[in-house]
Structures are given as structure tokens and as C-alpha cells.
Amino acid sequence: MLKSLRDRNKYVVGNWKSNKTAADITLFFNSFQKLGSKLEVLNTSVVPVVCPSFVHLDLSSQLVEKLKLQLYLGAQDISPFDRGAYTGEPNGEQLKEYVSFVIIGHSERRKYFAETDTLLKLKVEQAKKWGINTIYCVPDDVTDIPGDVNIVAYEPVFAIGTGKPDSPENANKVIKSIKKKTSVPVIYGGSVTAENIRDFVMMDAIDGVLPGKASLDADHFYQMIINAAV
Ligand code: PGA
């Protein structure tokens, strides 16, 4: 997957978190199609990704295919184990049927579900095993990053869901520091909107963004893609 993405350089990864019903999902993709017909977003430098809940991945992939949407799908998490007796855990073998990307180590997973660096390393191994591109979240430039991740997301906790993003200059500085440890693209997440997205993606070290709330609305998400592309 990454081979065909190599010539593009700005990721816009919508993390829908624990939001949306099946009806909301259908509305989003239908609205996105109407907007998308105005512009071939895949002809730009932007890689648009949305990450629905597990329960909506099947519906989402059907709609993306049926409506011929210029979007990739991602999961918000992955089991640290292969298939087997692990109640409640969608595994990599299952997820790869629907997604190209998976978010691993989001601060909400670390905080509310007590996920540790050791557990996250197992999740990265599973994603790699099943050929799913990993988007590995860290809150700063000192947190451990496993080898083999495909994208790193710098997500300062103070900026997530607060409407108070990091400054583009500071995000760029932290991302430069992260890039001393890894050669993969590094994106920024935390209160990104269609209004401020350009300020982030214009920075020389920032390879894209990971918006949460602002990605829920099709018009707004579409506008983010447009604004990231110009
Ligand atoms: P937010 O979420 O855009 O709603 O702040 C970002 C994130 O958690 O990745």
C-alpha cells in the first residue's frame, strides 16, 4: 500500500473515535461523494483516510466501494493477538479485509484503557504481520516509538479535543525532534480544523494531520482535504 502512496506527502486522517451510527455513516459517505465529484482528491498530494468504529468498518468499506470514494479506511485499534480466544478483540487478519491503516497508541487508549508501551509494541507487530499501515501516536518527542511503524502522529494531550491546538511552530519543532529518531512521515493531531489545517501542513517537517472532531462532518472534512492540498 505505501508504495503507491510514496509520491504523496500529506496525510489527512479523520479519527471518528466512538462516534456515529450506521445512519450517520451512510449520510457522511453520500455527502462526501457529492462534494468529491467536484474535485479528484486523489490527484492531489493528499492521502485522505477515515477511521470509523470497528462495528462500521464493513458498512464503510461497502459504501466506499459502491460510491467509488477517493478515501482510504483505517481502524482505531487492533488486537495485540492473532485469532483465538480473546473476547472482544478485532484482530489484524479480520481488519485487513477492510482497512489500509490502523491507529495505535492514541492517548485515549493509553489513558482510559491503560495501554502500555509493551502492549502497543505487540499491536504494531500484529499490524505489520497482516500488512496494515500503522499510525503510531505519541504525546511528545520522548515517548518510545517501536521500529516498523509507518507513520508517527505527534498528539500533545493538552490539544486533543480542547479547541486549543499546539502552535504550528512548536508542533514543527517537536516533529523535527521526533524525526531524529525515525525516518517515517510524522503528522500532527489536536484540535485541527479546516481553518487551521494549512498552517500545520505548510510547516516543513509536518507530513499531515490527524483531526478528530473536525473530521465528523463531511463538508468540513472535505474542506480540510482541499485546504491541505493547496
Ligand atoms: P481532536 O482530536 O481533533 O478532536 O482534538 C484529535 C485526536 O484525538 O486525534
# chains A, B, ... in the order shown; residues from 1 in each chain; ligands from 1

call {"tool": "residues_around", "arguments": {"residues": "stretch 90-101 of chain A", "least_positions_apart": "2", "cutoff": "6 Å", "atoms": "only C-alpha atoms", "output": "PDB file with all heavy atoms, in the first residue's frame"}}
result
ATOM      1  N   LEU A  73      -9.617   3.642   4.261  1.00  0.00           N
ATOM      2  CA  LEU A  73     -10.192   3.385   5.580  1.00  0.00           C
ATOM      3  C   LEU A  73      -9.100   2.967   6.561  1.00  0.00           C
ATOM      4  O   LEU A  73      -8.125   2.307   6.188  1.00  0.00           O
ATOM      5  CB  LEU A  73     -11.243   2.278   5.511  1.00  0.00           C
ATOM      6  CG  LEU A  73     -12.557   2.620   4.815  1.00  0.00           C
ATOM      7  CD1 LEU A  73     -13.475   1.401   4.803  1.00  0.00           C
ATOM      8  CD2 LEU A  73     -13.260   3.802   5.502  1.00  0.00           C
ATOM      9  N   GLY A  74      -9.305   3.372   7.823  1.00  0.00           N
ATOM     10  CA  GLY A  74      -8.396   2.952   8.889  1.00  0.00           C
ATOM     11  C   GLY A  74      -9.203   2.446  10.071  1.00  0.00           C
ATOM     12  O   GLY A  74     -10.376   2.792  10.224  1.00  0.00           O
ATOM     13  N   ILE A  78      -6.215  -2.261  17.239  1.00  0.00           N
ATOM     14  CA  ILE A  78      -6.033  -3.622  16.724  1.00  0.00           C
ATOM     15  C   ILE A  78      -5.691  -4.534  17.903  1.00  0.00           C
ATOM     16  O   ILE A  78      -5.054  -4.088  18.876  1.00  0.00           O
ATOM     17  CB  ILE A  78      -4.901  -3.643  15.661  1.00  0.00           C
ATOM     18  CG1 ILE A  78      -4.739  -5.018  15.020  1.00  0.00           C
ATOM     19  CG2 ILE A  78      -3.574  -3.160  16.246  1.00  0.00           C
ATOM     20  CD1 ILE A  78      -3.782  -5.013  13.816  1.00  0.00           C
ATOM     21  N   SER A  79      -6.105  -5.778  17.812  1.00  0.00           N
ATOM     22  CA  SER A  79      -5.756  -6.726  18.882  1.00  0.00           C
ATOM     23  C   SER A  79      -4.247  -6.956  18.914  1.00  0.00           C
ATOM     24  O   SER A  79      -3.599  -6.995  17.869  1.00  0.00           O
ATOM     25  CB  SER A  79      -6.457  -8.064  18.615  1.00  0.00           C
ATOM     26  OG  SER A  79      -5.988  -9.030  19.531  1.00  0.00           O
ATOM     27  N   ALA A 127      -0.073  -5.554  13.300  1.00  0.00           N
ATOM     28  CA  ALA A 127      -0.420  -4.765  12.105  1.00  0.00           C
ATOM     29  C   ALA A 127       0.572  -5.064  10.993  1.00  0.00           C
ATOM     30  O   ALA A 127       0.186  -5.265   9.830  1.00  0.00           O
ATOM     31  CB  ALA A 127      -0.429  -3.279  12.447  1.00  0.00           C
ATOM     32  N   TRP A 130       0.029  -8.417   9.323  1.00  0.00           N
ATOM     33  CA  TRP A 130      -1.129  -8.508   8.424  1.00  0.00           C
ATOM     34  C   TRP A 130      -1.143  -7.406   7.369  1.00  0.00           C
ATOM     35  O   TRP A 130      -2.151  -7.189   6.688  1.00  0.00           O
ATOM     36  CB  TRP A 130      -2.430  -8.520   9.243  1.00  0.00           C
ATOM     37  CG  TRP A 130      -2.500  -9.750  10.092  1.00  0.00           C
ATOM     38  CD1 TRP A 130      -2.284  -9.850  11.440  1.00  0.00           C
ATOM     39  CD2 TRP A 130      -2.724 -11.084   9.632  1.00  0.00           C
ATOM     40  NE1 TRP A 130      -2.372 -11.154  11.852  1.00  0.00           N
ATOM     41  CE2 TRP A 130      -2.645 -11.939  10.769  1.00  0.00           C
ATOM     42  CE3 TRP A 130      -2.983 -11.653   8.390  1.00  0.00           C
ATOM     43  CZ2 TRP A 130      -2.824 -13.315  10.683  1.00  0.00           C
ATOM     44  CZ3 TRP A 130      -3.163 -13.039   8.306  1.00  0.00           C
ATOM     45  CH2 TRP A 130      -3.075 -13.846   9.442  1.00  0.00           C
ATOM     46  N   ILE A 132      -1.022  -4.067   7.506  1.00  0.00           N
ATOM     47  CA  ILE A 132      -1.806  -2.845   7.729  1.00  0.00           C
ATOM     48  C   ILE A 132      -0.844  -1.729   8.138  1.00  0.00           C
ATOM     49  O   ILE A 132      -0.005  -1.920   9.021  1.00  0.00           O
ATOM     50  CB  ILE A 132      -2.863  -3.060   8.838  1.00  0.00           C
ATOM     51  CG1 ILE A 132      -3.762  -4.258   8.493  1.00  0.00           C
ATOM     52  CG2 ILE A 132      -3.698  -1.797   9.031  1.00  0.00           C
ATOM     53  CD1 ILE A 132      -4.669  -4.693   9.630  1.00  0.00           C
ATOM     54  N   ASN A 133      -0.956  -0.574   7.486  1.00  0.00           N
ATOM     55  CA  ASN A 133      -0.054   0.547   7.797  1.00  0.00           C
ATOM     56  C   ASN A 133      -0.375   1.137   9.165  1.00  0.00           C
ATOM     57  O   ASN A 133      -1.531   1.477   9.440  1.00  0.00           O
ATOM     58  CB  ASN A 133      -0.190   1.644   6.743  1.00  0.00           C
ATOM     59  CG  ASN A 133       0.256   1.164   5.382  1.00  0.00           C
ATOM     60  OD1 ASN A 133       1.372   0.675   5.228  1.00  0.00           O
ATOM     61  ND2 ASN A 133      -0.617   1.289   4.399  1.00  0.00           N
ATOM     62  N   THR A 134       0.644   1.304   9.984  1.00  0.00           N
ATOM     63  CA  THR A 134       0.423   1.785  11.353  1.00  0.00           C
ATOM     64  C   THR A 134       0.606   3.295  11.456  1.00  0.00           C
ATOM     65  O   THR A 134       1.554   3.860  10.911  1.00  0.00           O
ATOM     66  CB  THR A 134       1.426   1.128  12.319  1.00  0.00           C
ATOM     67  OG1 THR A 134       2.713   1.162  11.704  1.00  0.00           O
ATOM     68  CG2 THR A 134       1.057  -0.290  12.605  1.00  0.00           C
TER      69      THR A 134
END

call {"tool": "closest_atom_pairs", "arguments": {"of": "chain A", "to": "ligand 1", "cutoff": "9 Å", "atoms": "only C-alpha atoms and all ligand atoms", "output": "tab-separated table"}}
result
residue	atom	partner	partner_atom_place_in_ligand_line	distance
A:Val13	CA	ligand 1	9 (O)	8.6
A:Gly14	CA	ligand 1	9 (O)	7.9
A:Asn15	CA	ligand 1	9 (O)	6.0
A:Trp16	CA	ligand 1	2 (O)	8.7
A:Lys17	CA	ligand 1	8 (O)	7.9
A:His106	CA	ligand 1	8 (O)	7.1
A:Ser107	CA	ligand 1	8 (O)	7.4
A:Glu108	CA	ligand 1	8 (O)	7.5
A:Cys137	CA	ligand 1	9 (O)	8.5
A:Ala153	CA	ligand 1	9 (O)	8.4
A:Glu155	CA	ligand 1	9 (O)	6.7
A:Val157	CA	ligand 1	8 (O)	8.4
A:Ala159	CA	ligand 1	5 (O)	5.9
A:Ile160	CA	ligand 1	5 (O)	3.6
A:Gly161	CA	ligand 1	5 (O)	3.5
A:Thr162	CA	ligand 1	5 (O)	6.1
A:Gly163	CA	ligand 1	5 (O)	6.5
A:Lys164	CA	ligand 1	5 (O)	8.1
A:Pro165	CA	ligand 1	5 (O)	7.5
A:Tyr188	CA	ligand 1	9 (O)	8.4
A:Gly189	CA	ligand 1	9 (O)	5.0
A:Gly190	CA	ligand 1	5 (O)	3.9
A:Ser191	CA	ligand 1	5 (O)	3.6
A:Val192	CA	ligand 1	3 (O)	5.1
A:Thr193	CA	ligand 1	3 (O)	7.3
A:Val209	CA	ligand 1	9 (O)	8.6
A:Leu210	CA	ligand 1	9 (O)	5.2
A:Pro211	CA	ligand 1	3 (O)	3.9
A:Gly212	CA	ligand 1	3 (O)	3.5
A:Lys213	CA	ligand 1	4 (O)	3.8
A:Ala214	CA	ligand 1	3 (O)	5.9
A:Ser215	CA	ligand 1	3 (O)	7.6

call {"tool": "closest_residue", "arguments": {"among": "A:Asn170, A:Ser183, A:Ser53, A:Thr118", "to": "A:Asp148", "atoms": "only C-alpha atoms"}}
result
A:Ser183

call {"tool": "select_by_dssp", "arguments": {"residues": "chain A", "states": "alpha helix (DSSP H)", "output": "PyMOL selection string"}}
result
chain A and resi 2-5+22-36+57-66+92-95+107-112+117-129+168-178+197-201+218-229

call {"tool": "select_by_dssp", "arguments": {"residues": "stretch 7-218 of chain A", "states": "strand (DSSP E)", "output": "JSON, numbers by chain"}}
result
{"A": [10, 11, 12, 13, 14, 15, 46, 47, 48, 49, 50, 51, 72, 73, 74, 75, 101, 102, 103, 104, 133, 134, 135, 136, 137, 138, 151, 152, 153, 154, 186, 187, 188, 208, 209]}

call {"tool": "atom_distance", "arguments": {"atom1": "atom CA of A:Asp166", "atom2": "atom CA of A:Val201"}}
result
13.2 Å

call {"tool": "residues_around", "arguments": {"residues": "A:Thr21", "least_positions_apart": "4", "cutoff": "9 Å", "atoms": "only C-alpha atoms", "output": "NGL selection string"}}
result
:A and (25-26 or 56)

call {"tool": "atom_distance", "arguments": {"atom1": "atom CA of A:Ala85", "atom2": "atom CA of A:Gly105"}}
result
22.7 Å

call {"tool": "closest_residue", "arguments": {"among": "A:Ser31, A:Ser167, A:Ser18, A:Ser45", "to": "A:Ala75", "atoms": "only C-alpha atoms"}}
result
A:Ser18

call {"tool": "closest_residue", "arguments": {"among": "A:Ser177, A:Thr116, A:Thr143, A:Asn172", "to": "A:Asp199", "atoms": "only C-alpha atoms"}}
result
A:Asn172

call {"tool": "residues_around", "arguments": {"residues": "A:Tyr11", "least_positions_apart": "3", "cutoff": "7 Å", "atoms": "only C-alpha atoms", "output": "ChimeraX atom specification"}}
result
/A:46-48,207-209
